[in-house]
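Structure file work35.cif with mmCIF, N, CA and C atoms:
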data_entry
#
loop_
_atom_site.label_atom_id
_atom_site.label_comp_id
_atom_site.auth_asym_id
_atom_site.auth_seq_id
_atom_site.Cartn_x
_atom_site.Cartn_y
_atom_site.Cartn_z
N MET A 109 -6.12 30.39 -10.37
CA MET A 109 -4.87 30.56 -9.63
C MET A 109 -4.47 29.23 -9.01
N ILE A 110 -3.25 28.85 -9.25
CA ILE A 110 -2.75 27.59 -8.69
C ILE A 110 -2.24 27.83 -7.27
N GLN A 111 -2.62 26.95 -6.37
CA GLN A 111 -2.18 27.04 -4.99
C GLN A 111 -1.51 25.73 -4.60
N THR A 112 -0.71 25.79 -3.57
CA THR A 112 -0.03 24.59 -3.10
C THR A 112 -0.15 24.46 -1.59
N LYS A 113 -0.02 23.25 -1.16
CA LYS A 113 -0.02 22.98 0.28
C LYS A 113 0.96 21.85 0.51
N ILE A 114 1.82 22.01 1.49
CA ILE A 114 2.80 20.97 1.82
C ILE A 114 2.31 20.24 3.06
N VAL A 115 2.24 18.92 2.94
CA VAL A 115 1.87 18.08 4.08
C VAL A 115 3.15 17.47 4.61
N THR A 116 3.42 17.73 5.87
CA THR A 116 4.61 17.19 6.52
C THR A 116 4.18 16.14 7.54
N TYR A 117 4.84 15.01 7.52
CA TYR A 117 4.51 13.94 8.45
C TYR A 117 4.73 14.40 9.89
N ASN A 118 3.71 14.23 10.69
CA ASN A 118 3.78 14.60 12.10
C ASN A 118 3.86 13.32 12.92
N LYS A 119 5.02 13.05 13.48
CA LYS A 119 5.22 11.83 14.25
C LYS A 119 4.44 11.84 15.56
N ASN A 120 4.06 13.01 16.04
CA ASN A 120 3.33 13.10 17.30
C ASN A 120 1.89 12.62 17.17
N LYS A 121 1.35 12.68 15.95
CA LYS A 121 0.00 12.15 15.72
C LYS A 121 0.08 10.64 15.68
N GLN A 122 -0.99 10.02 16.10
CA GLN A 122 -1.02 8.56 16.12
C GLN A 122 -1.59 7.98 14.82
N THR A 123 -1.49 8.74 13.73
CA THR A 123 -2.02 8.27 12.46
C THR A 123 -0.89 8.10 11.45
N LYS A 124 -1.16 7.30 10.44
CA LYS A 124 -0.18 7.08 9.39
C LYS A 124 -0.08 8.32 8.51
N PHE A 125 1.00 8.42 7.77
CA PHE A 125 1.23 9.56 6.88
C PHE A 125 0.12 9.64 5.82
N GLU A 126 -0.31 8.49 5.30
CA GLU A 126 -1.37 8.47 4.30
C GLU A 126 -2.66 9.08 4.86
N GLU A 127 -2.96 8.78 6.10
CA GLU A 127 -4.16 9.33 6.74
C GLU A 127 -4.04 10.85 6.94
N GLN A 128 -2.83 11.31 7.24
CA GLN A 128 -2.63 12.75 7.40
C GLN A 128 -2.81 13.46 6.06
N ILE A 129 -2.36 12.84 4.96
CA ILE A 129 -2.56 13.41 3.63
C ILE A 129 -4.05 13.45 3.31
N ASN A 130 -4.75 12.37 3.62
CA ASN A 130 -6.19 12.31 3.36
C ASN A 130 -6.95 13.38 4.13
N GLU A 131 -6.51 13.67 5.35
CA GLU A 131 -7.15 14.73 6.14
C GLU A 131 -7.07 16.07 5.42
N VAL A 132 -5.91 16.36 4.84
CA VAL A 132 -5.72 17.62 4.13
C VAL A 132 -6.59 17.64 2.86
N LEU A 133 -6.65 16.53 2.15
CA LEU A 133 -7.47 16.46 0.95
C LEU A 133 -8.95 16.63 1.29
N GLU A 134 -9.39 16.03 2.38
CA GLU A 134 -10.79 16.18 2.81
C GLU A 134 -11.08 17.62 3.22
N GLU A 135 -10.10 18.25 3.85
CA GLU A 135 -10.25 19.66 4.23
C GLU A 135 -10.45 20.54 2.99
N LEU A 136 -9.71 20.25 1.94
CA LEU A 136 -9.86 21.00 0.69
C LEU A 136 -11.25 20.77 0.09
N GLN A 137 -11.77 19.56 0.19
CA GLN A 137 -13.09 19.26 -0.35
C GLN A 137 -14.19 19.95 0.44
N ARG A 138 -14.01 20.10 1.74
CA ARG A 138 -15.02 20.73 2.59
C ARG A 138 -15.00 22.25 2.50
N SER A 139 -14.00 22.78 1.84
CA SER A 139 -13.85 24.23 1.72
C SER A 139 -15.04 24.84 1.00
N LEU A 140 -15.27 26.13 1.24
CA LEU A 140 -16.35 26.84 0.56
C LEU A 140 -16.08 26.99 -0.92
N TYR A 141 -14.81 26.96 -1.29
CA TYR A 141 -14.42 27.09 -2.69
C TYR A 141 -14.37 25.72 -3.34
N ASP A 142 -14.52 25.70 -4.63
CA ASP A 142 -14.52 24.44 -5.38
C ASP A 142 -13.09 24.13 -5.83
N TYR A 143 -12.28 23.61 -4.92
CA TYR A 143 -10.89 23.29 -5.25
C TYR A 143 -10.81 21.97 -5.99
N LYS A 144 -9.95 21.93 -6.98
CA LYS A 144 -9.68 20.71 -7.72
C LYS A 144 -8.19 20.41 -7.60
N VAL A 145 -7.88 19.22 -7.13
CA VAL A 145 -6.49 18.82 -6.97
C VAL A 145 -5.91 18.54 -8.36
N GLN A 146 -4.84 19.20 -8.68
CA GLN A 146 -4.19 19.04 -9.98
C GLN A 146 -3.12 17.95 -9.94
N ASP A 147 -2.37 17.90 -8.85
CA ASP A 147 -1.28 16.94 -8.77
C ASP A 147 -0.84 16.77 -7.32
N ILE A 148 -0.26 15.64 -7.04
CA ILE A 148 0.35 15.36 -5.73
C ILE A 148 1.75 14.87 -6.01
N LYS A 149 2.74 15.56 -5.47
CA LYS A 149 4.14 15.21 -5.70
C LYS A 149 4.81 14.86 -4.38
N VAL A 150 5.58 13.82 -4.40
CA VAL A 150 6.33 13.41 -3.22
C VAL A 150 7.66 14.17 -3.22
N ILE A 151 7.87 14.92 -2.16
CA ILE A 151 9.13 15.65 -2.01
C ILE A 151 10.18 14.72 -1.41
N ASN A 152 9.82 14.10 -0.32
CA ASN A 152 10.66 13.07 0.30
C ASN A 152 9.75 12.19 1.16
N GLU A 153 10.32 11.32 1.95
CA GLU A 153 9.50 10.37 2.71
C GLU A 153 8.67 11.02 3.82
N HIS A 154 8.90 12.30 4.09
CA HIS A 154 8.17 12.98 5.14
C HIS A 154 7.37 14.19 4.65
N LYS A 155 7.43 14.49 3.35
CA LYS A 155 6.74 15.65 2.81
C LYS A 155 6.10 15.34 1.47
N VAL A 156 4.89 15.88 1.29
CA VAL A 156 4.16 15.75 0.04
C VAL A 156 3.64 17.12 -0.34
N LEU A 157 3.71 17.44 -1.63
CA LEU A 157 3.22 18.71 -2.14
C LEU A 157 1.90 18.45 -2.86
N ILE A 158 0.85 19.17 -2.45
CA ILE A 158 -0.45 19.07 -3.11
C ILE A 158 -0.65 20.35 -3.91
N ILE A 159 -0.91 20.19 -5.20
CA ILE A 159 -1.14 21.33 -6.09
C ILE A 159 -2.61 21.33 -6.44
N TYR A 160 -3.27 22.45 -6.22
CA TYR A 160 -4.72 22.53 -6.48
C TYR A 160 -5.07 23.91 -6.98
N ARG A 161 -6.27 24.00 -7.56
CA ARG A 161 -6.77 25.31 -8.00
C ARG A 161 -8.24 25.41 -7.72
#

The structure in this file should be written as C-alpha cells.
Amino acid sequence: MIQTKIVTYNKNKQTKFEEQINEVLEELQRSLYDYKVQDIKVINEHKVLIIYR
C-alpha cells in the first residue's frame, strides 16, 4: 500500500526546511514497519510530498 506524507515548512522552528524533511525521513526509518521511500516531490517552496510504502 502506498502512503504519503506532506512536509510543510514551519517557520516557527529554528531549523532549515531540509532539516525538517530529514526529521520526517528519520521518523519513517525508526518506525516499526519497514517503510521504503519511493519518491520525494516538491509541491512548492514550502511543501514536499514524500511517497513511501

TODO: From a DSSP calculation on the backbone, collect every residue of chain A in alpha helix (DSSP H) and output the set as an NGL selection string.
DONE: :A and (125-138)

Task: Which residue of A:Tyr117, A:Thr123, A:Gln128, A:Tyr141 approaches A:Glu153 most closely, using only N, CA and C atoms - done: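 Of the candidates, the smallest distance to A:Glu153 is held by A:Tyr117.
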
Task: the PyMOL selection byres ((chain A and resi 110) around 7) resolved against shown file, as a list of chain:residue names - done: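 This file gives the following for the PyMOL selection byres ((chain A and resi 110) around 7): A:Met109, A:Gln111, A:Thr112, A:Ile159, A:Tyr160, A:Arg161.
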
- [ ] Would you work out the distance separating atom CA of A:Thr116 from atom N of A:Val156, expressed in Å to one decimal?
- [x]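 Separation between atom CA of A:Thr116 and atom N of A:Val156: 5.4 Å.
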
TODO: Pick out the residues sitting within 6 Å of A:Leu157, and hand them over as a PyMOL selection string; count all atoms listed in the file, and ignore anything fewer than 5 positions along from it in its own chain.
DONE: chain A and resi 113-115+147-151

TODO: Quick one: pull the distance between atom CA of A:Leu140 and atom CA of A:Glu126, Å, one decimal.
DONE: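 One can read the atom CA of A:Leu140 to atom CA of A:Glu126 distance as 24.0 Å.
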
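Here atom CA of A:Lys119 is placed at a distance of 24.6 Å from atom CA of A:Gln137.
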
Considering only strand (DSSP E) as DSSP defines it on the backbone, what residues of chain A qualify? List them as a PDB file with N, CA and C atoms, in the frame of the given file.
ATOM      1  N   GLN A 111      -2.620  26.950  -6.370  1.00  0.00           N
ATOM      2  CA  GLN A 111      -2.180  27.040  -4.990  1.00  0.00           C
ATOM      3  C   GLN A 111      -1.510  25.730  -4.600  1.00  0.00           C
ATOM      4  N   THR A 112      -0.710  25.790  -3.570  1.00  0.00           N
ATOM      5  CA  THR A 112      -0.030  24.590  -3.100  1.00  0.00           C
ATOM      6  C   THR A 112      -0.150  24.460  -1.590  1.00  0.00           C
ATOM      7  N   LYS A 113      -0.020  23.250  -1.160  1.00  0.00           N
ATOM      8  CA  LYS A 113      -0.020  22.980   0.280  1.00  0.00           C
ATOM      9  C   LYS A 113       0.960  21.850   0.510  1.00  0.00           C
ATOM     10  N   ILE A 114       1.820  22.010   1.490  1.00  0.00           N
ATOM     11  CA  ILE A 114       2.800  20.970   1.820  1.00  0.00           C
ATOM     12  C   ILE A 114       2.310  20.240   3.060  1.00  0.00           C
ATOM     13  N   VAL A 115       2.240  18.920   2.940  1.00  0.00           N
ATOM     14  CA  VAL A 115       1.870  18.080   4.080  1.00  0.00           C
ATOM     15  C   VAL A 115       3.150  17.470   4.610  1.00  0.00           C
ATOM     16  N   THR A 116       3.420  17.730   5.870  1.00  0.00           N
ATOM     17  CA  THR A 116       4.610  17.190   6.520  1.00  0.00           C
ATOM     18  C   THR A 116       4.180  16.140   7.540  1.00  0.00           C
ATOM     19  N   VAL A 145      -7.880  19.220  -7.130  1.00  0.00           N
ATOM     20  CA  VAL A 145      -6.490  18.820  -6.970  1.00  0.00           C
ATOM     21  C   VAL A 145      -5.910  18.540  -8.360  1.00  0.00           C
ATOM     22  N   GLN A 146      -4.840  19.200  -8.680  1.00  0.00           N
ATOM     23  CA  GLN A 146      -4.190  19.040  -9.980  1.00  0.00           C
ATOM     24  C   GLN A 146      -3.120  17.950  -9.940  1.00  0.00           C
ATOM     25  N   ASP A 147      -2.370  17.900  -8.850  1.00  0.00           N
ATOM     26  CA  ASP A 147      -1.280  16.940  -8.770  1.00  0.00           C
ATOM     27  C   ASP A 147      -0.840  16.770  -7.320  1.00  0.00           C
ATOM     28  N   ILE A 148      -0.260  15.640  -7.040  1.00  0.00           N
ATOM     29  CA  ILE A 148       0.350  15.360  -5.730  1.00  0.00           C
ATOM     30  C   ILE A 148       1.750  14.870  -6.010  1.00  0.00           C
ATOM     31  N   LYS A 149       2.740  15.560  -5.470  1.00  0.00           N
ATOM     32  CA  LYS A 149       4.140  15.210  -5.700  1.00  0.00           C
ATOM     33  C   LYS A 149       4.810  14.860  -4.380  1.00  0.00           C
ATOM     34  N   VAL A 150       5.580  13.820  -4.400  1.00  0.00           N
ATOM     35  CA  VAL A 150       6.330  13.410  -3.220  1.00  0.00           C
ATOM     36  C   VAL A 150       7.660  14.170  -3.220  1.00  0.00           C
ATOM     37  N   ILE A 151       7.870  14.920  -2.160  1.00  0.00           N
ATOM     38  CA  ILE A 151       9.130  15.650  -2.010  1.00  0.00           C
ATOM     39  C   ILE A 151      10.180  14.720  -1.410  1.00  0.00           C
ATOM     40  N   ASN A 152       9.820  14.100  -0.320  1.00  0.00           N
ATOM     41  CA  ASN A 152      10.660  13.070   0.300  1.00  0.00           C
ATOM     42  C   ASN A 152       9.750  12.190   1.160  1.00  0.00           C
ATOM     43  N   LYS A 155       7.430  14.490   3.350  1.00  0.00           N
ATOM     44  CA  LYS A 155       6.740  15.650   2.810  1.00  0.00           C
ATOM     45  C   LYS A 155       6.100  15.340   1.470  1.00  0.00           C
ATOM     46  N   VAL A 156       4.890  15.880   1.290  1.00  0.00           N
ATOM     47  CA  VAL A 156       4.160  15.750   0.040  1.00  0.00           C
ATOM     48  C   VAL A 156       3.640  17.120  -0.340  1.00  0.00           C
ATOM     49  N   LEU A 157       3.710  17.440  -1.630  1.00  0.00           N
ATOM     50  CA  LEU A 157       3.220  18.710  -2.140  1.00  0.00           C
ATOM     51  C   LEU A 157       1.900  18.450  -2.860  1.00  0.00           C
ATOM     52  N   ILE A 158       0.850  19.170  -2.450  1.00  0.00           N
ATOM     53  CA  ILE A 158      -0.450  19.070  -3.110  1.00  0.00           C
ATOM     54  C   ILE A 158      -0.650  20.350  -3.910  1.00  0.00           C
ATOM     55  N   ILE A 159      -0.910  20.190  -5.200  1.00  0.00           N
ATOM     56  CA  ILE A 159      -1.140  21.330  -6.090  1.00  0.00           C
ATOM     57  C   ILE A 159      -2.610  21.330  -6.440  1.00  0.00           C
ATOM     58  N   TYR A 160      -3.270  22.450  -6.220  1.00  0.00           N
ATOM     59  CA  TYR A 160      -4.720  22.530  -6.480  1.00  0.00           C
ATOM     60  C   TYR A 160      -5.070  23.910  -6.980  1.00  0.00           C
TER      61      TYR A 160
END

Expected axis-aligned box over every listed atom of stretch 142-149 of chain A, 3 Å added per side, centre plus edges in Å to one decimal, as AutoDock Vina command-line options:
--center_x -4.9 --center_y 20.3 --center_z -7.2 --size_x 25.3 --size_y 16.8 --size_z 11.6
